Structure formats: structure tokens, C-alpha cells
Amino acid sequence: MTRALIASLLLTAPAAAAEKPNVVLVLADDLGRGDLSCYGGTVAATPHLDRMAKEGVRFDRYYAAAPICSPSRCGLLTGQFPARWRVTSFLQTRAGNRACEMADFLDPKAPTLPRALRAAGYRTAHVGKWHLGGGRDVADAPKFAAYGYDLGVGTWESPEPHPDLTARDWIWSLDDKVKRWDRTGWMVDRTLDFLRADADAPCFVNLWLDDPHTPWVPTADDQQVGKGGRATGKGDTPERLAKVLAETDRQVGRLLDAVRGRKGRPTVVLFLSDNGPLPTFDRKRTAGLRGSKLSLYEGGVRVPLIAWGPGVVPAGPANETTVVGGVDLFPTLCKLCGADRPKGYEPDGEDLSAALLGKAPRRTKPLFWEYGRNATSFAYPPVKADRSPNVAMLDGDWKLLVNADGSGAELYDLAADPKEATDLAGAKPEVARRLAAAAVAWRKSVP
């Protein structure tokens with residue numbers, strides 16, 4: 001079957017069982033645009049991901065659903081803004097969650113992408129970091145099956161931590177069977193095992209990596225003992241980051257090589273990040289964008305997305321125009337995989353499957369974010385200029401940031417000013433008022 005025929009079928013009708021592609025969603029942790037050389041980064045060479053971008057589509061305007069891990073992941077799974085499900089910061093202890101006005105875990109009643117795909121005949125797996133409930137003192141988080149997974153292989157911050165990854169009551173320890181620097185390879189192995197287990201059924205895998213989240217521990221020599229036998233690093237230096245990125249690149253390359261060697265059902269691989277980086281090393285890791293993890297400026301939410309899939313995703317130039325949000329992946333992958341959306345489901349994202357197939361559609365819905373409901377329970381960027389107002393929206397090329405009480409509005413034209421250097425709220429008061437009103441109204445509409 002030719003790529004053109006597959007694309008035509010996927011765009012015009014639900015995919016038949018023989019045409020449904022496998023999908024592997026590779027989520028890197030705290031990865032910035034400047035961490036990849038295909039985005040112009042100089043932190044490390046990433047030849048395998050560069051090749052992935054050349055053989056597929058690299059998106060210039062992909063936005064995570066939040067500038068921190070748990071809500072960003074919630075947006076991916078539900079296709080809805082994470083504040084709807086009371087997930088607005090990283091999930092932690094019960095007391096910490098209450099201080100952030102959050103739930104202790106993602107409500108299992110929430111719509112989820114794996115559940116929708118499973119209903120369409122997919123086998124589903126989660127491999128790696130979860131961070132949507134479980135760990136610390138939250139012992140009653142729902143198991144992976146409650147969200148639609150046939151297989152759940154989690155790390156410590158999950159309801160089902162795998163014993164090879166979790167020897168103690170912390171994310172990493174010296175006693176873990178799989179050491180910090182081998183975890184990405186181990187997760188890729190589990191993903192490949194799942195893909196090989198039943199070639200007759202299409203597969204969906206969340207492969208959610210630990211790297212390149214700090215601490216950066218590329219070798220045993222870079223590791224040291226922390227409190228209570230916890231494993232930590234000897235310092236988060238650019239040199240250690242470069243080694244971690246090189247290993248991440250190598251392991252993703254190994255995954256792609258295995259897929260290239262398979263016959264039969266096509267496989268689509270999406271590689272993306274959950275939020276911006278921290279530290280940024282003077283914005284090198286954000287490719288010059290203002291902000292970082294914990295910030296609603298571009299450096300906190302505008303991150304890499306590469307789509308790849310021989311026979312499905314065409315090789316072509318980078319898509320520099322289509323604005324894709326994390327909340328779009330649910331409706332987009334439902335369309336690509338021939339899955340029905342749940343009855344009564346209202347996504348905050350939209351179907352942009354045409355963008356995965358080489359087109360450049362224009363999104364029709366604005367994107368909204370929030371981060372920082374109070375000044376005491378949320379972490380903020382160490383660089384003062386990177387701390388943003390706590391609500392933001394993107395409508396076309398206009399980016400508006402404002403506090404939930406309506407104060408502190410900032411307006412940027414991202415087409416002319418992607419680094420958000422010139423606030424146009426004073427020069428464009430009508431635009432600023434209109435977008436600020438919409439942003440504040442949205443913030444009031446969520447729990």
C-alpha cells in the first residue's frame with residue numbers, strides 16, 4: 001500500500017484493522033528546543049533525532065499543555081486543559097497537593113487516549129515515568145488499567161513501580177537493578193518487547209523517559225549518594241547534560257532502527273517534550289526563547305515535536321506554521337488510528353492529523369495555560385525575568401499573559417517577536433483587553 005493511499009484512507013475514513021498504524025509516543029522529560037541539533041541547538045549532537053526529523057516532520061510551533069510535568073501529561077492523555085482535572089503542578093505529597101489546590105491523582109473517570117484506542121482494537125502500554133498519581137504518601141492512586149492500559153511499567157512516581165527501577169522509596173537509588181544511566185535503554189527494550197508480542201493487533205505505547213530531567217548521571221562516576229541512600233549526581237553541568245542527551249539520542253535511534261527493520265503494519269513515532277528545560281544555561285537550551293520550566297513564556301511551553309513513520313508520515317520540510325498543542329494529540333491520534341472519541345467527549349484540542357501527514361492546517365481554537373495559583377506552594381524560575389503572569393493564551397500569533405485577577409497583562413506578536421522581548425499591551429490596547437478578558441474568563445471556568 002502506497003503512502004499516498006494510506007494518507008487518503010486515514011484522512012477520509014476510520015482506519016480498518018489492517019491499516020491502523022502502531023503509535024509510540026516518546027516523551028522526553030524537561031527537554032528544550034536547544035537540546036536538539038535539528039532545532040539549531042549546540043548543547044549536544046543528536047544525529048539520530050536529526051535523521052528522524054529529516055525522514056518525518058519537525059514542528060516549530062508545538063506547545064506543551066503546561067510548563068511542568070504532571071499537568072502537561074494530563075493534557076496529553078485527556079486532550080483537555082489539565083486544570084479541568086485539578087492538576088496544575090507536579091503531583092506530590094497529599095499536603096503538597098492540597099497547598100497547590102490539586103487532586104492527588106488523575107481522576108480515572110477522565111477521558112483518556114489509551115482507553116479510546118483500546119476500544120478501537122489497540123493493545124496499549126505505558127512504559128516509564130507516569131507522575132499522574134502514586135508515590136510519596138499517595139498509596140491509593142488508580143492502577144494503569146483504570147486509564148485504559150493493558151500493560152503498565154512505571155517508575156516510583158506511579159501506582160505500579162517496576163521492581164527493576166525501584167529498589168527504595170525514591171525516584172532513583174543506588175540499589176536499583178537498572179541504574180540511572182541505563183534506564184532509557186531498558187525502557188526502549190520493554191517497548192520493543194510489547195511491539196513484538198502480537199503482530200496481529202495494532203499497538204499504542206507511551207514511552208515516557210526520565211531523561212534529560214536532572215540529576216544528570218551519564219555514568220557511574222557521575223553518581224553520588226544522597227539522603228537515605230538516594231542516588232543523585234555530582235553537579236548538573238553542560239558536559240554531563242551533553243552525555244545524557246547523546247544517550248537519549250542513541251536509544252531513540254535504536255528504537256527507530258528496530259521499527260525500520262519491521263515488516264507489515266506501519267509504526268508512527270512521535271518524539272516530544274513535556275515542558276521547557278531548567279537550567280537553561282543562559283537560554284541555550286530554549287534556543288533563545290524567554291522563560292524556562294515553571295514559566296508560561298515560550299521557553300516554558302514551546303518545545304520539540306517530531307513525527308516520523310515510514311509509509312505514513314512523509315519526509316519533508318519542517319512545519320513552521322501549524323500551531324499544535326499537547327491537548328491536540330488525543331483527537332489527532334483518534335483520527336489517525338480510526339478510533340471513536342468517547343460519547344459526549346469535548347476536547348479542548350482539535351484534530352490536526354493532516355499535519356502529521358505532511359499538510360499545514362491552521363488551528364481554529366486558542367490555547368490556554370495556567371501555572372502558579374499562589375506564591376507559596378509553586379516553584380518559580382530562578383531568573384526573575386522568566387517568571388510570568390499565571391495565565392496565558394495563544395490566539396494565532398498573539399500571545400497574551402495576565403494574572404488571574406486581571407492585572408499585569410502582557411501582549412506579544414510571536415510572528416515578529418518569538419523571544420517575547422517587546423510587550424505590546426500599551427500599543428495594542430484593544431487586542432490586549434479582548435484577549436485578557438478571554439484568558440481571565442477561561443481561568444474562572446476551571447475548578
# chains A, B, ... in the order shown; residues from 1 in each chain; ligands from 1
$ residues_around --residues "region 248-265 of chain A" --least-positions-apart "4" --cutoff "10 Å" --atoms "only C-alpha atoms" --output "PyMOL selection string"
chain A and resi 17-22+24+26+28+36+44-52+181-189+191-192+195-196+199-203+209-212+242-244+269+271+308-311
$ closest_atom_pairs --of "region 336-403 of chain A" --to "region 428-437 of chain A" --cutoff "8 Å" --atoms "only C-alpha atoms" --output "JSON lines"
{"residue": "A:Met393", "atom": "CA", "partner": "A:Leu435", "partner_atom": "CA", "distance": 7.6}
{"residue": "A:Leu400", "atom": "CA", "partner": "A:Leu435", "partner_atom": "CA", "distance": 6.4}
{"residue": "A:Leu401", "atom": "CA", "partner": "A:Ala436", "partner_atom": "CA", "distance": 7.5}
{"residue": "A:Val402", "atom": "CA", "partner": "A:Ala436", "partner_atom": "CA", "distance": 6.5}
$ write_last_selection --atoms "C-alpha atoms" --output "compact mmCIF listing (two decimals), in the first residue's frame"
# COMPACT_ATOMS: atom_id res chain seq x y z
CA MET A 393 -3.46 32.24 25.94
CA LEU A 400 -1.36 37.22 26.00
CA LEU A 401 -0.18 36.71 29.58
CA VAL A 402 -2.14 38.04 32.55
$ atom_distance --atom1 "CA of Leu117 (chain A)" --atom2 "CA of Gly32 (chain A)"
29.1 Å
$ residues_around --residues "Pro114 (chain A)" --least-positions-apart "5" --cutoff "7 Å" --atoms "only C-alpha atoms" --output "list of chain:residue names"
A:Thr124, A:Gly148, A:Tyr149
$ write_last_selection --atoms "C-alpha atoms" --output "compact mmCIF listing (two decimals), in the first residue's frame"
# COMPACT_ATOMS: atom_id res chain seq x y z
CA THR A 124 -1.97 -0.36 24.97
CA GLY A 148 -7.02 2.01 29.62
CA TYR A 149 -3.63 0.31 29.64
$ residues_around --residues "Val217 (chain A)" --least-positions-apart "5" --cutoff "8 Å" --atoms "only C-alpha atoms" --output "list of chain:residue names"
A:Arg180, A:Trp181, A:Asp222, A:Gln223, A:Thr232, A:Gly233, A:Lys234, A:Arg240, A:Val244
$ closest_residue --among "A:Thr364, A:Ser445, A:Gln80, A:Thr214" --to "Leu245 (chain A)" --atoms "only C-alpha atoms"
A:Thr214
$ closest_residue --among "A:Val178, A:Ala354, A:Ala438, A:Ala146" --to "Val57 (chain A)" --atoms "only C-alpha atoms"
A:Ala354
$ atom_distance --atom1 "CA of Asp221 (chain A)" --atom2 "CA of Ala167 (chain A)"
20.3 Å
